[in-house]
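Below: the structure, in structure tokens.
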Amino acid sequence: MPLVEVTLVNGRTPGEIRLLIHELTEAVVEALDVPKQSVRVAVRELPTTHWAAGDVTIAERDAAKTEAQDGSS
């Protein structure tokens, strides 16, 4: 039973998440030739304060970008 796990920063609509689940399921069925009913998909959404790269959270990066844009106006 294939399991696909996806972690995203929150902010997508339920429709976008539903489409992602559908597309991932279809891809696994095609790639592995398994029945659709055997495919499992788990989607986790994290707040921007809980995802970081280079010791900078996405929230911090977005805030800095906004400050830079406000300062250049």
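We label chains A, B, ... in the order they appear in the structure tokens, count residues from 1 in each chain, and number ligands from 1 in the order shown.
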Item to complete: Using DSSP on the backbone, list every residue of region 7-73 of chain A that comes out as helix (DSSP H, G or I), and give them as a VMD selection string.
Response: chain A and resid 14 to 32 36 to 38 48 to 50 58 to 71
Worksheet item: What are the DSSP strand (DSSP E) residues of chain A, as a list in words?
Response: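 DSSP on the backbone gives strand (DSSP E) at Leu3, Val4, Glu5, Val6, Thr7, Leu8, Val9, Arg40, Val41, Ala42, Val43, Arg44, Glu45, Leu46, Ala52, Ala53, Val56 and Thr57 of chain A.
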For the selection you just gave me, I'd like the residues written to a file as a PDB file, in the first residue's frame, keeping C-alpha atoms.
ATOM      1  CA  LEU A   3       1.814   6.142   1.133  1.00  0.00           C
ATOM      2  CA  VAL A   4       2.613   9.640  -0.130  1.00  0.00           C
ATOM      3  CA  GLU A   5       3.293  12.272   2.529  1.00  0.00           C
ATOM      4  CA  VAL A   6       3.377  15.966   1.662  1.00  0.00           C
ATOM      5  CA  THR A   7       4.224  18.841   3.968  1.00  0.00           C
ATOM      6  CA  LEU A   8       3.252  22.361   2.910  1.00  0.00           C
ATOM      7  CA  VAL A   9       3.108  25.789   4.432  1.00  0.00           C
ATOM      8  CA  ARG A  40      -2.789   6.672   0.771  1.00  0.00           C
ATOM      9  CA  VAL A  41      -2.031  10.402   0.761  1.00  0.00           C
ATOM     10  CA  ALA A  42      -1.304  12.437   3.891  1.00  0.00           C
ATOM     11  CA  VAL A  43      -1.090  16.228   3.657  1.00  0.00           C
ATOM     12  CA  ARG A  44       0.341  18.242   6.542  1.00  0.00           C
ATOM     13  CA  GLU A  45       0.132  21.993   6.675  1.00  0.00           C
ATOM     14  CA  LEU A  46       2.458  24.034   8.850  1.00  0.00           C
ATOM     15  CA  ALA A  52      12.576  27.641   8.156  1.00  0.00           C
ATOM     16  CA  ALA A  53      15.531  27.566   5.819  1.00  0.00           C
ATOM     17  CA  VAL A  56      14.976  32.111   8.890  1.00  0.00           C
ATOM     18  CA  THR A  57      11.301  31.204   9.069  1.00  0.00           C
TER      19      THR A  57
END
Fill in: Interatomic distance, CA of Asn10 (chain A) to CA of Thr48 (chain A) (Å, one decimal)
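Between CA of Asn10 (chain A) and CA of Thr48 (chain A) the gap is 7.1 Å.
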Fill in: Å distance separating CA of His22 (chain A) from CA of Ala59 (chain A), one decimal place
28.9 Å
Discussion item. I'd like the contact shell of Pro35 (chain A) - 12 Å cut-off, only C-alpha atoms, skipping same-chain residues fewer than 4 positions apart - returned as a ChimeraX atom specification.
Written reply: /A:1-2,25-31,39-40
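The spacing separating CA of Leu19 (chain A) from CA of Asp62 (chain A) amounts to 26.2 Å.
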